[in-house]
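Engineer: My structure is below; once you've seen it, I'll send some questions.
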Amino acid sequence: MTTSIVTNHKATPICHLIHSADVFNRRGKFSHLPCKLNVKKSVETVQLWAKIKNTRTTRTTAFATPNENDEGERSGSHACSDEQVFVPLENNYNSNDLDEEAADSLPESGSGVFQMVEHSVNLASLLDKLKALHLHVLASEQWNASRLKLCHKNYVESAKNLIHYLALKCLDIEPLKDDLALISLLNLEMINSSVLASLTTCIELLENLQLNSSRTGKDVGAGISTQGKLYHQKNGNFTINTTRMKACLNRELLLGPLQGSRCTHIMTTVGDEALESETLITDLIKAGTSIIRINCAHGSPESWSEIIRRVKRSSQMLEAPCRILMDLAGPKLRTDNLKPGPCVVKVSSKKNATGKVIFPAQVWLSHKGAGAPPPHLSPDAVLFIDDKNFFTVVKVGDTLRFIDARGKKRMLKISRVFHVFSGTGFMAECTRTAYVSSGTELYIKRKKDRLPVGQVVDVPPRESSIRLRVGDLLIISRDSTCGEDNSYGHASGAYRITCSSGYLFDAVKPGERIAFDDGKIWGVIKGTTISEIVVSITHAGLRGTKLGSQKSINIPDSNIRFKGVTSKDLVDLEFVKSHADMVGVSFIRDTRDIIVLRQELEERKLQNLGIVLKIETKSGFEKLPLLLLEAMKSSNPLGVMIARGDLAVECGWERLADIQEEILSFCGAAHIPVIWATQVLESLVKSRVPTRAEITDVASGRKASCIMLNKGRHIVEAISTLDNILNSNSRQMKAEVKSLVPSSHLV
């Protein structure tokens, strides 16, 4: 049937309507709002009535003025472009019993309330605006009907609500917000998860208020009532309650059910360091971790397999479910490996301002097969000895003598002994700075006994880096052989590093900005060739900033084109499909990346593998609604990670707070769980002391479904702290102020 809007008692066909909606702007005038409609489908007849000065009068609250350019659009269904989203959904919406009860819950004495409201705002005008807004939302759904048809059945209703939210966002509704705030009826900032149901309920409440006022003798007319179920459609039951249930279901499908009274998941990144301790994975899960993240940019399938084996074993032993997320490396630009430094470890004590030792350096000593020290210990250095017999004669109080890499005589004093899984370990103290290398021999100092000698083995090479200062020149080269001998300086006065990605050299131009190591170092490109880029450093620390191997490179001003899924990602995906619960897709930029990923997953029949879209580029953020709608075409559980490190560099530090709120809002409208990531409690993880800003950042992160921590020395303690923050409540505070509340018999 053909839908009409009755205005001035003349019916207008729907094909001549809803090409624009008029709502009041800030100056109280009407503003033209573009809004298109797919007219292939018919909807029910709509009548909009408004009450003006107690007189029953019809008024147009949404209308269209088609021009000669509109004929092509009205002739049939519109083919949606991947780069455009128009506003509203299909006619599959309705209110549930909760909404109906809310609309009918006004008391018989509502006339007094109505008179009070009329003094504060023009109720008829407010209803007109809400109805126009409601119609605009519906029109956007209808216009995007062809796009919504492509969504998987699991996501159709969520996709509709996302379109509704986009329709709401494209309007200037500040005056309407103010009017609704005056009568404390609806906060338009909080309805992103159920846009249509919230608007419908608000309209019904206001109309019911008018109907109640008619009992005092006012004639508002039958046309304004909702008895005809103006906003209730035959199909669909997606209401405020069901949107909440849908959001919870999507979260559980991706992240798993929450345990106990917890309300937020905790994700922890682990790498090869987890293999050095038999208890680390178990301690992480005990502390509150429910998801383990493995970054495929580091490590190997062998180490990933062992990590996952330990996760599953610990999860089963503790009866605590723990899922696995594996991040595909993606096309991220990174510095190549610098030439390894010497295999030496520095041991130094802590001193006060006068140079006096206030705390000796703590050194862990054990056989190389005994593994890492227990997680509750935080040694300054770890030394492995090749001979097991050496530790059979060592006891607490012994002094070990050695000559360090500089030829200096030094001593270690054994202070404590620990029994670990594969043997015995000792904690020793060193009061003087020493440089210990592989091959260093340790002698036990005793008067008469002839004792064995222990030899230090497997000292890892020191991480190489170059220290860059403002004004320095840096040459980035394609050739990996150029940077090894020149990484610490160059005859021309420029430092040199390498980057094997050809995308970088093909995309940049002189004058564009370039950032390194998550924005710690910034520069401007001075010149380019096929194989080199010359950069002038414009921002670094006062004493310079170190740039090492495998550090990020960002070029926010360049329109660089990446492959969404690299050849390495495809190889890693074969491992992911049989070992992980979720796959993280890095550096998503547009819908083509989603299409390629979906094809690869369909080819491998991975319909149940969770997908996490990592938003870490400006393009990814700006196209997030399109990315979500494209990802909703498959049945895979879906989530979004706010990768705030690269995102801040790409979009600007000052915009990050607003950007992460926008991402939360968009995902809330789509009922998609969000993972809050990057530098969460970083100071606590690294130094055991959090900053106040980090604590409040975590509190803000409670709006997300999951918070992710990166690896570090004090990661177990950080997870425990995070778990306490996320699951704290205010019951104790309420008890303390209970004396300020009247007793129950007085209420």
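Chain identifiers are assigned as A, B, and so on, following the order in which chains appear in the structure tokens; residues are numbered from 1 within each chain, and ligands are numbered from 1 in order of appearance.
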Could you tell me, as a compact mmCIF listing (two decimals) with N, CA, C and O atoms, in the first residue's frame, which residues of range 249-352 of chain A DSSP assigns to helix (DSSP H, G or I) when given the backbone?
Structural biologist:
# COMPACT_ATOMS: atom_id res chain seq x y z
N LEU A 249 24.58 -10.26 24.41
CA LEU A 249 24.79 -11.49 23.64
C LEU A 249 25.99 -11.36 22.72
O LEU A 249 26.83 -12.27 22.64
N ASN A 250 26.12 -10.23 22.04
CA ASN A 250 27.26 -10.02 21.14
C ASN A 250 28.58 -10.02 21.91
O ASN A 250 29.60 -10.53 21.43
N ARG A 251 28.55 -9.45 23.12
CA ARG A 251 29.76 -9.44 23.94
C ARG A 251 30.15 -10.85 24.35
O ARG A 251 31.32 -11.22 24.29
N GLU A 252 29.18 -11.65 24.76
CA GLU A 252 29.48 -13.01 25.19
C GLU A 252 29.94 -13.88 24.03
O GLU A 252 30.82 -14.73 24.19
N LEU A 253 29.35 -13.68 22.85
CA LEU A 253 29.76 -14.48 21.69
C LEU A 253 31.22 -14.22 21.34
O LEU A 253 31.95 -15.14 20.94
N LEU A 254 31.67 -12.98 21.50
CA LEU A 254 33.05 -12.66 21.14
C LEU A 254 34.03 -12.91 22.28
O LEU A 254 35.04 -13.59 22.10
N LEU A 255 33.70 -12.38 23.46
CA LEU A 255 34.66 -12.37 24.57
C LEU A 255 34.43 -13.48 25.58
O LEU A 255 35.30 -13.74 26.41
N ASP A 272 57.09 -14.10 24.18
CA ASP A 272 58.00 -15.19 24.52
C ASP A 272 58.45 -15.17 25.98
O ASP A 272 58.89 -16.19 26.50
N GLU A 273 58.34 -14.00 26.63
CA GLU A 273 58.73 -13.93 28.04
C GLU A 273 57.86 -14.84 28.91
O GLU A 273 58.27 -15.26 30.01
N ALA A 274 56.65 -15.16 28.44
CA ALA A 274 55.77 -16.05 29.20
C ALA A 274 56.34 -17.45 29.28
O ALA A 274 55.99 -18.22 30.19
N LEU A 275 57.20 -17.81 28.35
CA LEU A 275 57.79 -19.15 28.34
C LEU A 275 58.95 -19.28 29.31
O LEU A 275 59.41 -20.38 29.59
N GLU A 276 59.43 -18.15 29.83
CA GLU A 276 60.55 -18.18 30.76
C GLU A 276 60.11 -18.50 32.18
O GLU A 276 60.93 -18.76 33.05
N LEU A 280 53.76 -17.91 35.14
CA LEU A 280 53.26 -16.60 34.73
C LEU A 280 51.83 -16.66 34.20
O LEU A 280 50.97 -15.88 34.63
N ILE A 281 51.56 -17.56 33.28
CA ILE A 281 50.21 -17.65 32.70
C ILE A 281 49.18 -17.95 33.79
O ILE A 281 48.10 -17.33 33.84
N THR A 282 49.52 -18.87 34.68
CA THR A 282 48.60 -19.19 35.78
C THR A 282 48.35 -17.97 36.66
O THR A 282 47.20 -17.70 37.05
N ASP A 283 49.39 -17.22 36.96
CA ASP A 283 49.25 -16.03 37.79
C ASP A 283 48.41 -14.96 37.10
O ASP A 283 47.64 -14.25 37.75
N LEU A 284 48.55 -14.84 35.79
CA LEU A 284 47.75 -13.85 35.05
C LEU A 284 46.26 -14.17 35.14
O LEU A 284 45.44 -13.29 35.36
N ILE A 285 45.93 -15.44 34.96
CA ILE A 285 44.51 -15.84 35.02
C ILE A 285 43.97 -15.71 36.44
O ILE A 285 42.83 -15.28 36.65
N LYS A 286 44.79 -16.09 37.42
CA LYS A 286 44.37 -15.93 38.82
C LYS A 286 44.06 -14.47 39.15
O LYS A 286 43.13 -14.17 39.89
N ALA A 287 44.87 -13.57 38.62
CA ALA A 287 44.72 -12.14 38.94
C ALA A 287 43.49 -11.52 38.29
O ALA A 287 43.04 -10.46 38.72
N PRO A 301 55.37 -19.69 15.36
CA PRO A 301 54.30 -20.66 15.65
C PRO A 301 54.65 -21.62 16.78
O PRO A 301 53.76 -22.03 17.53
N GLU A 302 55.92 -21.94 16.94
CA GLU A 302 56.32 -22.85 18.02
C GLU A 302 56.08 -22.21 19.39
O GLU A 302 55.53 -22.84 20.30
N SER A 303 56.49 -20.94 19.53
CA SER A 303 56.28 -20.27 20.82
C SER A 303 54.80 -19.98 21.06
O SER A 303 54.31 -20.09 22.18
N TRP A 304 54.06 -19.64 19.99
CA TRP A 304 52.62 -19.41 20.14
C TRP A 304 51.92 -20.68 20.62
O TRP A 304 51.05 -20.62 21.51
N SER A 305 52.31 -21.82 20.06
CA SER A 305 51.68 -23.09 20.45
C SER A 305 51.91 -23.38 21.92
O SER A 305 51.00 -23.84 22.63
N GLU A 306 53.13 -23.12 22.41
CA GLU A 306 53.43 -23.40 23.81
C GLU A 306 52.67 -22.45 24.73
O GLU A 306 52.17 -22.86 25.78
N ILE A 307 52.56 -21.18 24.34
CA ILE A 307 51.79 -20.23 25.15
C ILE A 307 50.34 -20.68 25.24
O ILE A 307 49.74 -20.70 26.34
N ILE A 308 49.75 -21.04 24.12
CA ILE A 308 48.34 -21.46 24.10
C ILE A 308 48.15 -22.74 24.90
O ILE A 308 47.15 -22.90 25.62
N ARG A 309 49.10 -23.67 24.82
CA ARG A 309 49.02 -24.90 25.63
C ARG A 309 48.98 -24.57 27.11
O ARG A 309 48.18 -25.13 27.87
N ARG A 310 49.83 -23.64 27.54
CA ARG A 310 49.86 -23.27 28.95
C ARG A 310 48.58 -22.54 29.37
O ARG A 310 48.09 -22.72 30.49
N VAL A 311 48.04 -21.72 28.46
CA VAL A 311 46.79 -21.02 28.78
C VAL A 311 45.66 -22.02 29.00
O VAL A 311 44.90 -21.93 29.98
N LYS A 312 45.54 -22.99 28.10
CA LYS A 312 44.46 -23.97 28.22
C LYS A 312 44.64 -24.84 29.46
O LYS A 312 43.65 -25.17 30.15
N ARG A 313 45.88 -25.19 29.76
CA ARG A 313 46.14 -26.00 30.96
C ARG A 313 45.78 -25.22 32.22
O ARG A 313 45.10 -25.74 33.12
N SER A 314 46.22 -23.98 32.31
CA SER A 314 45.94 -23.16 33.50
C SER A 314 44.45 -22.86 33.62
O SER A 314 43.88 -22.86 34.72
N SER A 315 43.81 -22.58 32.49
CA SER A 315 42.37 -22.30 32.50
C SER A 315 41.59 -23.49 33.02
O SER A 315 40.66 -23.34 33.83
N GLN A 316 41.96 -24.67 32.58
CA GLN A 316 41.28 -25.88 33.04
C GLN A 316 41.57 -26.15 34.51
O GLN A 316 40.66 -26.51 35.27
N MET A 317 42.79 -25.95 34.92
CA MET A 317 43.17 -26.21 36.31
C MET A 317 42.46 -25.25 37.26
O MET A 317 42.00 -25.65 38.34
N LEU A 318 42.34 -23.98 36.87
CA LEU A 318 41.72 -22.97 37.73
C LEU A 318 40.20 -22.89 37.55
O LEU A 318 39.54 -22.15 38.27
Engineer: Range 675-729 of chain A: which residues are strand (DSSP E or B) by DSSP, as a PyMOL selection string?
Structural biologist: chain A and resi 675-677+706-709
Engineer: Quick one: residues within 10 Å of Tyr503 in chain A, only C-alpha atoms, excluding same-chain residues fewer than 4 positions away - as number ranges by chain?
Structural biologist: A: 331-333, 499, 507-508, 560-563
Engineer: Residues at most 6 Å from range 460-469 of chain A, counting only C-alpha atoms, excluding those fewer than 6 positions away in the same chain, as a list of chain:residue names?
Structural biologist: A:Pro340, A:Gly341, A:Pro342, A:Cys343, A:Tyr488, A:Ala540, A:Gly544, A:Thr545, A:Lys546, A:Leu547, A:Gly548
Engineer: Using only C-alpha atoms, find the one residue out of A:Ser558, A:Gln455, A:Asn608, A:Thr335 that sits nearest to Thr498 in chain A.
Structural biologist: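 Closest residue, counting only C-alpha atoms: A:Thr335.
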Engineer: Report, in Å to a single decimal, how far apart CA of Val393 in chain A and CA of Lys368 in chain A are.
Structural biologist: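 Separation between CA of Lys368 in chain A and CA of Val393 in chain A: 16.9 Å.
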Engineer: Could you pull the residues within 12 Å of Gly439 in chain A, counting only C-alpha atoms, minus those fewer than 5 positions along the same chain, as a list of chain:residue names?
Structural biologist: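 Selected residues are A:Cys343, A:Val344, A:Leu383, A:Phe384, A:Ile385, A:Asp386, A:Phe402, A:Ile403, A:Asp404, A:Ala405, A:Val453, A:Gly454, A:Gln455, A:Val456, A:Val457, A:Asp458, A:Val459.
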